[in-house]
Every structure is written in structure tokens, then in C-alpha cells.
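S.K.: Enclosed is the structure file input-v4.txt (compact mmCIF, N, CA and C atoms).
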```txt
# COMPACT_ATOMS: atom_id res chain seq x y z
N MET M 28 1.38 0.01 -19.07
CA MET M 28 0.83 -0.83 -18.02
C MET M 28 -0.67 -0.99 -18.23
N GLY M 29 -1.23 -1.92 -17.51
CA GLY M 29 -2.66 -2.11 -17.58
C GLY M 29 -3.13 -2.93 -18.77
N TYR M 30 -2.21 -3.67 -19.39
CA TYR M 30 -2.58 -4.51 -20.51
C TYR M 30 -3.33 -5.75 -20.02
N SER M 31 -4.29 -6.20 -20.82
CA SER M 31 -4.88 -7.50 -20.57
C SER M 31 -3.89 -8.53 -21.10
N LEU M 32 -4.11 -9.80 -20.78
CA LEU M 32 -3.22 -10.84 -21.30
C LEU M 32 -3.22 -10.84 -22.83
N ARG M 33 -4.37 -10.67 -23.41
CA ARG M 33 -4.49 -10.65 -24.88
C ARG M 33 -3.71 -9.48 -25.47
N GLN M 34 -3.84 -8.31 -24.85
CA GLN M 34 -3.11 -7.14 -25.33
C GLN M 34 -1.61 -7.30 -25.17
N ALA M 35 -1.19 -7.85 -24.03
CA ALA M 35 0.23 -8.08 -23.80
C ALA M 35 0.79 -9.05 -24.82
N ALA M 36 0.05 -10.10 -25.10
CA ALA M 36 0.50 -11.09 -26.09
C ALA M 36 0.64 -10.45 -27.46
N ALA M 37 -0.33 -9.65 -27.85
CA ALA M 37 -0.27 -8.98 -29.15
C ALA M 37 0.90 -8.01 -29.20
N GLU M 38 1.15 -7.31 -28.10
CA GLU M 38 2.23 -6.32 -28.03
C GLU M 38 3.61 -6.96 -28.24
N VAL M 39 3.82 -8.16 -27.67
CA VAL M 39 5.13 -8.81 -27.81
C VAL M 39 5.17 -9.85 -28.91
N GLY M 40 4.03 -10.08 -29.56
CA GLY M 40 4.00 -10.97 -30.71
C GLY M 40 3.98 -12.45 -30.39
N VAL M 41 3.33 -12.82 -29.29
CA VAL M 41 3.17 -14.23 -28.93
C VAL M 41 1.70 -14.50 -28.67
N CYS M 42 1.36 -15.77 -28.49
CA CYS M 42 -0.04 -16.08 -28.20
C CYS M 42 -0.31 -15.92 -26.70
N GLU M 43 -1.56 -15.80 -26.36
CA GLU M 43 -1.98 -15.59 -24.97
C GLU M 43 -1.53 -16.74 -24.08
N LYS M 44 -1.55 -17.95 -24.62
CA LYS M 44 -1.13 -19.14 -23.88
C LYS M 44 0.33 -19.01 -23.44
N THR M 45 1.16 -18.44 -24.30
CA THR M 45 2.58 -18.24 -23.96
C THR M 45 2.71 -17.27 -22.81
N ILE M 46 1.93 -16.21 -22.82
CA ILE M 46 1.95 -15.23 -21.73
C ILE M 46 1.57 -15.92 -20.42
N ARG M 47 0.52 -16.74 -20.46
CA ARG M 47 0.09 -17.46 -19.25
C ARG M 47 1.21 -18.37 -18.73
N ARG M 48 1.87 -19.03 -19.65
CA ARG M 48 2.97 -19.92 -19.26
C ARG M 48 4.12 -19.12 -18.64
N TRP M 49 4.45 -17.99 -19.24
CA TRP M 49 5.51 -17.13 -18.71
C TRP M 49 5.18 -16.65 -17.30
N LEU M 50 3.92 -16.30 -17.08
CA LEU M 50 3.52 -15.77 -15.78
C LEU M 50 3.65 -16.81 -14.66
N LYS M 51 3.70 -18.09 -15.03
CA LYS M 51 3.88 -19.14 -14.03
C LYS M 51 5.34 -19.29 -13.61
N ARG M 52 6.24 -18.70 -14.38
CA ARG M 52 7.68 -18.77 -14.04
C ARG M 52 7.95 -17.80 -12.90
N PRO M 53 8.60 -18.26 -11.84
CA PRO M 53 8.87 -17.40 -10.69
C PRO M 53 9.66 -16.14 -11.04
N ASP M 54 10.63 -16.25 -11.96
CA ASP M 54 11.43 -15.07 -12.31
C ASP M 54 10.60 -14.02 -13.02
N VAL M 55 9.69 -14.46 -13.88
CA VAL M 55 8.82 -13.53 -14.60
C VAL M 55 7.80 -12.92 -13.64
N ALA M 56 7.22 -13.76 -12.79
CA ALA M 56 6.24 -13.25 -11.81
C ALA M 56 6.89 -12.22 -10.89
N GLN M 57 8.12 -12.50 -10.46
CA GLN M 57 8.85 -11.57 -9.59
C GLN M 57 9.13 -10.26 -10.31
N ALA M 58 9.59 -10.35 -11.57
CA ALA M 58 9.89 -9.14 -12.34
C ALA M 58 8.62 -8.31 -12.54
N LEU M 59 7.52 -8.97 -12.84
CA LEU M 59 6.25 -8.26 -13.03
C LEU M 59 5.82 -7.57 -11.74
N GLN M 60 5.96 -8.27 -10.63
CA GLN M 60 5.59 -7.68 -9.34
C GLN M 60 6.45 -6.45 -9.05
N GLU M 61 7.74 -6.52 -9.33
CA GLU M 61 8.63 -5.39 -9.09
C GLU M 61 8.23 -4.19 -9.95
N ILE M 62 7.89 -4.44 -11.20
CA ILE M 62 7.47 -3.36 -12.10
C ILE M 62 6.17 -2.74 -11.60
N GLN M 63 5.22 -3.58 -11.18
CA GLN M 63 3.96 -3.07 -10.68
C GLN M 63 4.17 -2.23 -9.42
N GLU M 64 5.08 -2.67 -8.55
CA GLU M 64 5.37 -1.90 -7.34
C GLU M 64 6.02 -0.56 -7.69
N GLU M 65 6.88 -0.55 -8.70
CA GLU M 65 7.50 0.70 -9.16
C GLU M 65 6.44 1.68 -9.65
N VAL M 66 5.53 1.18 -10.48
CA VAL M 66 4.47 2.03 -11.03
C VAL M 66 3.59 2.55 -9.90
N TRP M 67 3.24 1.67 -8.97
CA TRP M 67 2.40 2.09 -7.84
C TRP M 67 3.13 3.15 -7.02
N GLY M 68 4.41 2.95 -6.77
CA GLY M 68 5.19 3.92 -6.01
C GLY M 68 5.21 5.28 -6.68
N ALA M 69 5.37 5.30 -8.00
CA ALA M 69 5.37 6.56 -8.74
C ALA M 69 4.01 7.25 -8.62
N THR M 70 2.95 6.46 -8.68
CA THR M 70 1.60 7.01 -8.56
C THR M 70 1.39 7.64 -7.18
N VAL M 71 1.83 6.93 -6.15
CA VAL M 71 1.69 7.45 -4.78
C VAL M 71 2.50 8.72 -4.61
N ARG M 72 3.71 8.77 -5.15
CA ARG M 72 4.53 9.99 -5.05
C ARG M 72 3.84 11.17 -5.74
N LYS M 73 3.21 10.94 -6.89
CA LYS M 73 2.48 12.01 -7.58
C LYS M 73 1.31 12.50 -6.73
N LEU M 74 0.58 11.56 -6.14
CA LEU M 74 -0.55 11.94 -5.29
C LEU M 74 -0.08 12.76 -4.09
N ARG M 75 1.00 12.33 -3.47
CA ARG M 75 1.53 13.07 -2.32
C ARG M 75 1.94 14.47 -2.72
N ALA M 76 2.51 14.61 -3.90
CA ALA M 76 2.92 15.93 -4.37
C ALA M 76 1.71 16.85 -4.54
N LEU M 77 0.57 16.28 -4.89
CA LEU M 77 -0.65 17.07 -5.05
C LEU M 77 -1.37 17.34 -3.73
N GLY M 78 -0.97 16.62 -2.69
CA GLY M 78 -1.67 16.70 -1.42
C GLY M 78 -1.73 18.09 -0.83
N GLU M 79 -0.62 18.80 -0.81
CA GLU M 79 -0.60 20.13 -0.21
C GLU M 79 -1.54 21.08 -0.95
N LYS M 80 -1.52 21.00 -2.28
CA LYS M 80 -2.40 21.85 -3.08
C LYS M 80 -3.87 21.51 -2.81
N ALA M 81 -4.16 20.21 -2.67
CA ALA M 81 -5.54 19.79 -2.42
C ALA M 81 -6.02 20.29 -1.06
N VAL M 82 -5.17 20.18 -0.06
CA VAL M 82 -5.55 20.65 1.28
C VAL M 82 -5.74 22.16 1.27
N THR M 83 -4.86 22.88 0.58
CA THR M 83 -5.00 24.34 0.48
C THR M 83 -6.32 24.69 -0.21
N THR M 84 -6.64 23.98 -1.27
CA THR M 84 -7.89 24.23 -2.00
C THR M 84 -9.10 23.98 -1.10
N LEU M 85 -9.06 22.87 -0.36
CA LEU M 85 -10.17 22.59 0.56
C LEU M 85 -10.32 23.70 1.58
N GLY M 86 -9.19 24.16 2.11
CA GLY M 86 -9.24 25.26 3.08
C GLY M 86 -9.79 26.54 2.48
N GLU M 87 -9.42 26.83 1.25
CA GLU M 87 -9.92 28.04 0.58
C GLU M 87 -11.42 27.96 0.36
N VAL M 88 -11.91 26.80 -0.07
CA VAL M 88 -13.35 26.65 -0.32
C VAL M 88 -14.11 26.74 1.00
N MET M 89 -13.58 26.10 2.04
CA MET M 89 -14.26 26.15 3.34
C MET M 89 -14.36 27.58 3.86
N GLY M 90 -13.33 28.38 3.62
CA GLY M 90 -13.31 29.74 4.14
C GLY M 90 -13.92 30.77 3.22
N ASP M 91 -14.29 30.38 2.02
CA ASP M 91 -14.85 31.33 1.05
C ASP M 91 -16.34 31.53 1.32
N GLN M 92 -16.67 32.66 1.93
CA GLN M 92 -18.06 32.94 2.29
C GLN M 92 -18.94 33.17 1.07
N THR M 93 -18.33 33.39 -0.10
CA THR M 93 -19.14 33.57 -1.31
C THR M 93 -19.42 32.23 -1.99
N ALA M 94 -18.72 31.17 -1.57
CA ALA M 94 -18.96 29.84 -2.15
C ALA M 94 -20.28 29.31 -1.63
N PRO M 95 -20.97 28.52 -2.43
CA PRO M 95 -22.25 27.94 -1.97
C PRO M 95 -22.02 27.11 -0.69
N PRO M 96 -22.98 27.14 0.21
CA PRO M 96 -22.84 26.37 1.45
C PRO M 96 -22.56 24.88 1.18
N THR M 97 -23.17 24.34 0.14
CA THR M 97 -22.93 22.91 -0.16
C THR M 97 -21.46 22.65 -0.49
N ALA M 98 -20.83 23.57 -1.18
CA ALA M 98 -19.41 23.41 -1.51
C ALA M 98 -18.56 23.50 -0.25
N ARG M 99 -18.90 24.41 0.65
CA ARG M 99 -18.14 24.56 1.89
C ARG M 99 -18.30 23.32 2.77
N VAL M 100 -19.53 22.81 2.82
CA VAL M 100 -19.78 21.60 3.62
C VAL M 100 -19.03 20.40 3.02
N ARG M 101 -19.05 20.26 1.69
CA ARG M 101 -18.32 19.16 1.05
C ARG M 101 -16.83 19.27 1.33
N ALA M 102 -16.29 20.47 1.28
CA ALA M 102 -14.87 20.66 1.56
C ALA M 102 -14.56 20.31 3.01
N ALA M 103 -15.43 20.73 3.92
CA ALA M 103 -15.21 20.43 5.33
C ALA M 103 -15.30 18.92 5.57
N ARG M 104 -16.29 18.29 4.96
CA ARG M 104 -16.45 16.84 5.11
C ARG M 104 -15.23 16.11 4.56
N ALA M 105 -14.78 16.50 3.38
CA ALA M 105 -13.62 15.85 2.76
C ALA M 105 -12.39 16.00 3.66
N THR M 106 -12.23 17.18 4.25
CA THR M 106 -11.09 17.43 5.14
C THR M 106 -11.17 16.52 6.36
N LEU M 107 -12.33 16.46 6.97
CA LEU M 107 -12.50 15.60 8.15
C LEU M 107 -12.26 14.12 7.81
N GLU M 108 -12.78 13.68 6.68
CA GLU M 108 -12.59 12.29 6.28
C GLU M 108 -11.11 11.99 6.05
N LEU M 109 -10.40 12.93 5.46
CA LEU M 109 -8.96 12.74 5.24
C LEU M 109 -8.20 12.68 6.56
N ILE M 110 -8.59 13.52 7.50
CA ILE M 110 -7.94 13.52 8.81
C ILE M 110 -8.11 12.15 9.46
N VAL M 111 -9.32 11.61 9.41
CA VAL M 111 -9.59 10.30 10.00
C VAL M 111 -8.77 9.22 9.30
N LYS M 112 -8.75 9.25 7.97
CA LYS M 112 -8.01 8.23 7.22
C LYS M 112 -6.51 8.31 7.50
N VAL M 113 -5.97 9.51 7.54
CA VAL M 113 -4.55 9.66 7.84
C VAL M 113 -4.25 9.11 9.24
N GLY M 114 -5.12 9.39 10.19
CA GLY M 114 -4.95 8.86 11.54
C GLY M 114 -4.97 7.34 11.57
N GLU M 115 -5.90 6.76 10.83
CA GLU M 115 -5.98 5.30 10.76
C GLU M 115 -4.73 4.70 10.12
N ILE M 116 -4.27 5.33 9.06
CA ILE M 116 -3.07 4.84 8.38
C ILE M 116 -1.86 4.93 9.30
N GLU M 117 -1.73 6.03 10.01
CA GLU M 117 -0.61 6.19 10.94
C GLU M 117 -0.67 5.14 12.04
N GLU M 118 -1.86 4.89 12.55
CA GLU M 118 -2.01 3.87 13.59
C GLU M 118 -1.62 2.50 13.06
N LEU M 119 -2.07 2.16 11.86
CA LEU M 119 -1.71 0.88 11.25
C LEU M 119 -0.20 0.78 11.02
N ARG M 120 0.40 1.88 10.58
CA ARG M 120 1.85 1.89 10.34
C ARG M 120 2.60 1.61 11.64
N GLU M 121 2.17 2.27 12.72
CA GLU M 121 2.82 2.06 14.01
C GLU M 121 2.64 0.63 14.50
N ARG M 122 1.44 0.09 14.34
CA ARG M 122 1.19 -1.29 14.75
C ARG M 122 2.04 -2.26 13.93
N LEU M 123 2.15 -2.00 12.64
CA LEU M 123 2.97 -2.86 11.79
C LEU M 123 4.43 -2.81 12.21
N GLU M 124 4.92 -1.62 12.52
CA GLU M 124 6.31 -1.49 12.98
C GLU M 124 6.53 -2.28 14.27
N ARG M 125 5.57 -2.22 15.19
CA ARG M 125 5.71 -2.99 16.44
C ARG M 125 5.70 -4.49 16.16
N LEU M 126 4.81 -4.93 15.26
CA LEU M 126 4.76 -6.35 14.92
C LEU M 126 6.04 -6.81 14.24
N GLU M 127 6.58 -5.97 13.35
CA GLU M 127 7.83 -6.32 12.68
C GLU M 127 8.97 -6.40 13.69
N ALA M 128 8.99 -5.50 14.66
CA ALA M 128 10.03 -5.52 15.69
C ALA M 128 9.90 -6.80 16.54
N LEU M 129 8.67 -7.17 16.85
CA LEU M 129 8.44 -8.39 17.62
C LEU M 129 8.87 -9.61 16.82
N ALA M 130 8.53 -9.64 15.55
CA ALA M 130 8.93 -10.76 14.69
C ALA M 130 10.45 -10.85 14.60
N GLU M 131 11.10 -9.71 14.55
CA GLU M 131 12.57 -9.68 14.48
C GLU M 131 13.18 -10.27 15.76
N ARG M 132 12.55 -9.99 16.90
CA ARG M 132 13.04 -10.54 18.17
C ARG M 132 12.98 -12.06 18.18
N PHE M 133 12.00 -12.62 17.49
CA PHE M 133 11.84 -14.07 17.47
C PHE M 133 12.80 -14.76 16.52
N LYS M 134 13.29 -14.05 15.53
CA LYS M 134 14.19 -14.66 14.55
C LYS M 134 15.43 -15.19 15.23
N GLY M 135 15.83 -16.37 14.84
CA GLY M 135 17.09 -16.92 15.34
C GLY M 135 16.97 -17.63 16.66
N GLY M 136 16.39 -17.02 17.67
CA GLY M 136 16.38 -17.59 19.00
C GLY M 136 15.24 -18.52 19.30
N LEU M 137 14.27 -18.58 18.44
CA LEU M 137 13.05 -19.32 18.73
C LEU M 137 13.29 -20.81 18.90
N ARG M 138 13.67 -21.48 17.85
CA ARG M 138 13.83 -22.93 17.89
C ARG M 138 15.16 -23.33 18.51
N SER M 139 16.16 -22.47 18.36
CA SER M 139 17.48 -22.83 18.88
C SER M 139 17.46 -22.99 20.40
N GLU M 140 16.63 -22.22 21.08
CA GLU M 140 16.56 -22.31 22.54
C GLU M 140 15.44 -23.22 23.00
N GLY M 141 14.54 -23.57 22.09
CA GLY M 141 13.42 -24.42 22.47
C GLY M 141 12.32 -23.69 23.20
N THR M 142 12.38 -22.36 23.22
CA THR M 142 11.34 -21.58 23.89
C THR M 142 10.98 -20.37 23.05
N TYR M 143 9.90 -19.76 23.43
CA TYR M 143 9.53 -18.47 22.87
C TYR M 143 9.93 -17.45 23.91
N PRO M 144 11.11 -16.83 23.75
CA PRO M 144 11.64 -15.98 24.82
C PRO M 144 10.72 -14.86 25.26
N ALA M 145 10.03 -14.24 24.34
CA ALA M 145 9.21 -13.09 24.72
C ALA M 145 8.05 -13.49 25.62
N PHE M 146 7.62 -14.76 25.52
CA PHE M 146 6.46 -15.20 26.29
C PHE M 146 6.81 -16.24 27.34
N GLY M 147 8.06 -16.73 27.34
CA GLY M 147 8.48 -17.72 28.31
C GLY M 147 7.86 -19.08 28.08
N GLY M 148 7.30 -19.31 26.89
CA GLY M 148 6.67 -20.59 26.60
C GLY M 148 7.60 -21.55 25.89
N GLU M 149 7.35 -22.83 26.04
CA GLU M 149 8.16 -23.83 25.36
C GLU M 149 7.62 -24.10 23.97
N VAL M 150 8.53 -24.48 23.08
CA VAL M 150 8.15 -24.86 21.72
C VAL M 150 7.62 -26.29 21.79
N CYS M 151 6.44 -26.52 21.27
CA CYS M 151 5.86 -27.87 21.24
C CYS M 151 6.10 -28.46 19.86
N GLU M 152 6.65 -29.64 19.81
CA GLU M 152 6.85 -30.32 18.54
C GLU M 152 5.61 -31.12 18.22
N ALA M 153 5.22 -31.10 16.96
CA ALA M 153 4.02 -31.83 16.55
C ALA M 153 4.29 -33.30 16.39
```
What is this file in C-alpha cells?

M.R.:
Amino acid sequence: MGYSLRQAAAEVGVCEKTIRRWLKRPDVAQALQEIQEEVWGATVRKLRALGEKAVTTLGEVMGDQTAPPTARVRAARATLELIVKVGEIEELRERLERLEALAERFKGGLRSEGTYPAFGGEVCEA
């Protein structure tokens, strides 16, 4: 992964122009996106697997009275920043789930009834 267009072309034995043309094909673009999502997913799973060890290490450094104060402060700061980020991510996940549920409620019944049921409003035709 991570090839430039030139590198990808050289790897498969075609010119760069051919690669560009292939990337415009919906089936190729879709396949590439799926592969990229797979690679990203594997990367995230590896990071998550390291998470417990990282948190344990931060805790050990924070509690190690023989460690330099700067190291303890950096560990504490990193821990606090991670707590905030995890909270933000969880909040965004919950909001996304609510939005997806709302969108699901609108599917099917929106135009067929001529109203937006959740809001009691009528559909206006342009």
C-alpha cells in the first residue's frame, strides 16, 4: 500500500495514464476503497491492541516517583488528552447513531405520505 500512481504503474507494468484511466472506473474505484478500508481497519485494530499497554505505561510513569517530573507531567497530560478525545469520540458516535436512527425513520414514509412525519411538515414540491 501507499504506492504513488507512478509506482503502481511500474509495479503492474502499465503506464501512469492507464492507472489514471482505471481509477475513473467505478468498479476499480470501489475495489480500491474497499482495500483501503480493510488496511485502515487492520491498523486501527493493531492500535487498539496496544492501547491497554500504553495506558498501563502512562500510569506507571505517572506513579514512578524516581522518574523525572517532566516525564510524569507528560504522562499525566497524555492521559488527560486521551480521556478528552475518547469522550469526544463517544459523543460523536452517539450523535451519529441518533442521526442514523432519525434518517431511518424518514426512509419510505417521507414522499409517500407527502409529509415529514417526525416534524408534521408538508413536503413542498419545487

S.K.: Please measure the separation of atom N of Asp91 of chain M and atom N of Arg104 of chain M, giving the value in Å to one decimal.

M.R.: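 So the answer is 12.6 Å.
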
S.K.: Between atom N of Val41 of chain M and atom CA of Val55 of chain M, what is the distance, to one decimal in Å?

M.R.: 15.7 Å

S.K.: Given the point (-14.2, 21.9, 6.3) in the coordinates of this file, which residues lie within 7 Å, counting all atoms listed in the file, and how would they look as a list in words?

M.R.: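 Selection result: Leu85, Gly86, Met89, Arg99, Val100, Arg101, Ala102, Ala103, Arg104, Ala105, Thr106 and Leu107 of chain M.
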
S.K.: What is the distance, in Å and to one decimal place, between atom N of Arg48 of chain M and atom N of Val66 of chain M?

M.R.: 22.5 Å
